[in-house]
Amino acid sequence: VVTEAGFGADLGAEKFLDIKCRKAGLTPSVVVIVATVRALKSHGGVEKADLNNENVDAVEKGFENLQRHIENIQSFGLQPIVAINSFTLDTEAEGKVISDGCDKLGVKAILCSHWANGGNGTLELANEVVKICEVSDPSNFKFMYEDEASLEEKIRSVAKKIYRADEVLANKTIRDQLQLWENDGYGNLPICMAKTQYSFTTDPNRRGAPNGHAIPIREVRLSAGAGFIVVICGEVMTMPGLPKVPSAEAIM
């Protein structure tokens with residue numbers, strides 16, 4: 001079974017591993033991290049209007065973001081593969097920065113041309129996934145926090161270990177609410193962090209792989225039926241709005 005786990009390994013993958021795998025008793029065999037040259041150039045400081053221009057230096061600088069995601073997946077005891085989602089305007093030199101960087105980390109990076117070539121463009125990736133699945137050791141998999149930890153401890157674990165934050169900012173009202181839920185028997189639930197997908201911080205404009213920041217908690221919500229506590233971090237919409245002109249209008 002192949003599961004797509006959402007935007008960012010710090011969000012979608014963390015939720016999949018710490019919530020879904022915990023609840024369903026699943027043990028993943030391998031994780032594929034999808035990276036693009038454009039995304040790394042953006043994390044390297046390139047503005048959106050200039051992303052189509054070759055910029056090897058920016059890819060090198062932005063690689064720290066991909067490295068952080070690789071390290072995060074490895075912290076769960078899992079083996080990652082990097083799939084370089086290739087587009088026609090990417091250059092060979094830019095792609096080489098990613099593959100060379102992954103080699104230094106002991107992680108395999110595979111150029112995937114499915115955007116242009118369909119399924120044939122990902123055969124190498126598929127074969128590598130199968131190979132790792134056949135030899136993976138499920139005993140290496142571990143959660144980021146244990147069920148018995150307090151809700152505050154679970155939040156701090158994700159903020160510090162995944163986002164590399166120094167502290168979590170939560171006012172007394174939020175802390176009291178978490179304590180009340182623990183008193184009512186919900187303390188063993190996992191947490192579902194909600195923040196921007198553009199950054200390891202709560203600031204969507206802070207790119208790369210920042211350290212030492214603070215994660216402010218705006219609100220917490222009990223999803224008793226779903227079986228987790230939602231933690232709203234920073235100024236993020238939990239139900240994103242549609243654009244003024246939807247893409248549907250361009251469908252002929």
# chains A, B, ... in the order shown; residues from 1 in each chain; ligands from 1
call {"tool": "select_by_dssp", "arguments": {"residues": "range 9-219 of chain A", "states": "strand (DSSP E or B)", "output": "PyMOL selection string"}}
result
chain A and resi 31-35+80-85+109-112+167-169+191-194+214-219
call {"tool": "write_last_selection", "arguments": {"atoms": "C-alpha atoms", "output": "short mmCIF file (atom, residue, chain, number, x, y, z; two decimals), in the first residue's frame"}}
result
data_model
loop_
_atom_site.label_atom_id
_atom_site.label_comp_id
_atom_site.auth_asym_id
_atom_site.auth_seq_id
_atom_site.Cartn_x
_atom_site.Cartn_y
_atom_site.Cartn_z
CA VAL A 31 9.39 6.81 3.12
CA VAL A 32 9.69 8.68 -0.18
CA ILE A 33 10.42 12.40 0.24
CA VAL A 34 9.48 14.33 -2.89
CA ALA A 35 11.70 17.32 -3.65
CA PRO A 80 13.97 7.67 3.33
CA ILE A 81 14.41 7.88 -0.43
CA VAL A 82 14.42 11.25 -2.15
CA ALA A 83 12.41 11.50 -5.37
CA ILE A 84 13.55 14.51 -7.40
CA ASN A 85 10.35 15.59 -9.14
CA ALA A 109 18.11 10.32 -4.61
CA ILE A 110 16.34 9.30 -7.82
CA LEU A 111 15.48 11.61 -10.70
CA CYS A 112 11.80 11.13 -11.58
CA GLU A 167 10.24 26.76 23.21
CA VAL A 168 6.47 26.48 22.94
CA LEU A 169 4.42 29.54 23.88
CA ILE A 191 -1.68 15.55 18.99
CA CYS A 192 -2.38 16.98 15.54
CA MET A 193 -0.25 20.07 14.94
CA ALA A 194 -1.67 22.71 12.58
CA ALA A 214 9.39 29.72 19.35
CA ILE A 215 6.14 27.95 18.42
CA PRO A 216 3.14 30.02 19.62
CA ILE A 217 -0.09 28.09 20.27
CA ARG A 218 -3.20 30.06 19.44
CA GLU A 219 -5.84 27.47 20.25
#
call {"tool": "residues_around", "arguments": {"residues": "Asp203 in chain A", "least_positions_apart": "6", "cutoff": "9 Å", "atoms": "only C-alpha atoms", "output": "list in words"}}
result
Lys195, Thr196, Gly234 and Glu235 of chain A
call {"tool": "select_by_dssp", "arguments": {"residues": "range 11-235 of chain A", "states": "helix (DSSP H, G or I)", "output": "PyMOL selection string"}}
result
chain A and resi 11-24+37-43+48-50+56-75+92-104+114-135+138-140+151-161+172-183
call {"tool": "closest_residue", "arguments": {"among": "A:Lys61, A:His213, A:His43, A:Arg207", "to": "Lys160 in chain A", "atoms": "only C-alpha atoms"}}
result
A:His213
call {"tool": "residues_around", "arguments": {"residues": "range 175-186 of chain A", "least_positions_apart": "4", "cutoff": "12 Å", "atoms": "only C-alpha atoms", "output": "ChimeraX atom specification"}}
result
/A:147-155,168-171,190-191,217-231
call {"tool": "closest_atom_pairs", "arguments": {"of": "range 41-65 of chain A", "to": "range 100-106 of chain A", "cutoff": "10 Å", "atoms": "only C-alpha atoms", "output": "Markdown table"}}
result
| residue | atom | partner | partner_atom | distance |
| --- | --- | --- | --- | --- |
| A:Glu60 | CA | A:Gly101 | CA | 8.4 |
| A:Phe63 | CA | A:Gly101 | CA | 7.5 |
| A:Glu64 | CA | A:Gly101 | CA | 9.4 |
call {"tool": "decode", "arguments": {"residues": "range 117-128 of chain A", "atoms": "all heavy atoms", "output": "mmCIF file, in the first residue's frame"}}
result
data_model
loop_
_atom_site.group_PDB
_atom_site.id
_atom_site.type_symbol
_atom_site.label_atom_id
_atom_site.label_comp_id
_atom_site.auth_asym_id
_atom_site.auth_seq_id
_atom_site.Cartn_x
_atom_site.Cartn_y
_atom_site.Cartn_z
ATOM 1 N N ASN A 117 7.086 11.999 -18.663
ATOM 2 C CA ASN A 117 7.086 10.639 -19.213
ATOM 3 C C ASN A 117 6.105 9.686 -18.552
ATOM 4 O O ASN A 117 6.144 8.482 -18.834
ATOM 5 C CB ASN A 117 8.503 10.052 -19.136
ATOM 6 C CG ASN A 117 9.512 10.890 -19.894
ATOM 7 O OD1 ASN A 117 9.247 11.333 -21.003
ATOM 8 N ND2 ASN A 117 10.666 11.116 -19.288
ATOM 9 N N GLY A 118 5.252 10.185 -17.677
ATOM 10 C CA GLY A 118 4.274 9.316 -17.036
ATOM 11 C C GLY A 118 4.916 8.264 -16.155
ATOM 12 O O GLY A 118 5.987 8.456 -15.586
ATOM 13 N N GLY A 119 4.272 7.090 -16.058
ATOM 14 C CA GLY A 119 4.745 6.031 -15.183
ATOM 15 C C GLY A 119 6.149 5.558 -15.481
ATOM 16 O O GLY A 119 6.895 5.180 -14.571
ATOM 17 N N ASN A 120 6.526 5.584 -16.767
ATOM 18 C CA ASN A 120 7.876 5.144 -17.127
ATOM 19 C C ASN A 120 8.954 6.001 -16.475
ATOM 20 O O ASN A 120 10.086 5.544 -16.283
ATOM 21 C CB ASN A 120 8.059 5.165 -18.650
ATOM 22 C CG ASN A 120 7.284 4.051 -19.332
ATOM 23 O OD1 ASN A 120 7.042 3.015 -18.735
ATOM 24 N ND2 ASN A 120 6.886 4.277 -20.582
ATOM 25 N N GLY A 121 8.593 7.238 -16.136
ATOM 26 C CA GLY A 121 9.562 8.145 -15.531
ATOM 27 C C GLY A 121 9.840 7.867 -14.069
ATOM 28 O O GLY A 121 10.701 8.519 -13.469
ATOM 29 N N THR A 122 9.113 6.909 -13.475
ATOM 30 C CA THR A 122 9.315 6.598 -12.049
ATOM 31 C C THR A 122 9.635 5.123 -11.813
ATOM 32 O O THR A 122 9.559 4.651 -10.684
ATOM 33 C CB THR A 122 8.071 6.970 -11.220
ATOM 34 O OG1 THR A 122 6.937 6.253 -11.739
ATOM 35 C CG2 THR A 122 7.797 8.457 -11.269
ATOM 36 N N LEU A 123 9.996 4.392 -12.873
ATOM 37 C CA LEU A 123 10.292 2.965 -12.714
ATOM 38 C C LEU A 123 11.472 2.728 -11.765
ATOM 39 O O LEU A 123 11.444 1.815 -10.935
ATOM 40 C CB LEU A 123 10.588 2.332 -14.081
ATOM 41 C CG LEU A 123 9.368 2.085 -14.974
ATOM 42 C CD1 LEU A 123 9.812 1.510 -16.311
ATOM 43 C CD2 LEU A 123 8.385 1.143 -14.294
ATOM 44 N N GLU A 124 12.506 3.544 -11.889
ATOM 45 C CA GLU A 124 13.662 3.374 -11.015
ATOM 46 C C GLU A 124 13.274 3.585 -9.558
ATOM 47 O O GLU A 124 13.703 2.842 -8.667
ATOM 48 C CB GLU A 124 14.784 4.338 -11.407
ATOM 49 C CG GLU A 124 16.051 4.148 -10.572
ATOM 50 C CD GLU A 124 17.145 5.153 -10.912
ATOM 51 O OE1 GLU A 124 16.972 5.959 -11.849
ATOM 52 O OE2 GLU A 124 18.186 5.128 -10.213
ATOM 53 N N LEU A 125 12.446 4.595 -9.298
ATOM 54 C CA LEU A 125 11.976 4.854 -7.938
ATOM 55 C C LEU A 125 11.164 3.670 -7.421
ATOM 56 O O LEU A 125 11.367 3.211 -6.294
ATOM 57 C CB LEU A 125 11.128 6.126 -7.903
ATOM 58 C CG LEU A 125 10.433 6.430 -6.570
ATOM 59 C CD1 LEU A 125 11.454 6.743 -5.491
ATOM 60 C CD2 LEU A 125 9.452 7.589 -6.731
ATOM 61 N N ALA A 126 10.247 3.169 -8.241
ATOM 62 C CA ALA A 126 9.411 2.040 -7.828
ATOM 63 C C ALA A 126 10.261 0.823 -7.475
ATOM 64 O O ALA A 126 10.024 0.145 -6.463
ATOM 65 C CB ALA A 126 8.416 1.701 -8.938
ATOM 66 N N ASN A 127 11.260 0.531 -8.292
ATOM 67 C CA ASN A 127 12.121 -0.617 -8.036
ATOM 68 C C ASN A 127 12.913 -0.451 -6.738
ATOM 69 O O ASN A 127 13.112 -1.400 -5.988
ATOM 70 C CB ASN A 127 13.083 -0.827 -9.210
ATOM 71 C CG ASN A 127 12.377 -1.351 -10.449
ATOM 72 O OD1 ASN A 127 11.377 -2.061 -10.354
ATOM 73 N ND2 ASN A 127 12.878 -0.988 -11.627
ATOM 74 N N GLU A 128 13.360 0.773 -6.468
ATOM 75 C CA GLU A 128 14.120 1.032 -5.237
ATOM 76 C C GLU A 128 13.223 0.894 -4.010
ATOM 77 O O GLU A 128 13.650 0.372 -2.968
ATOM 78 C CB GLU A 128 14.734 2.427 -5.289
ATOM 79 C CG GLU A 128 15.656 2.751 -4.134
ATOM 80 C CD GLU A 128 16.915 1.900 -4.107
ATOM 81 O OE1 GLU A 128 17.308 1.363 -5.168
ATOM 82 O OE2 GLU A 128 17.516 1.763 -3.015
#
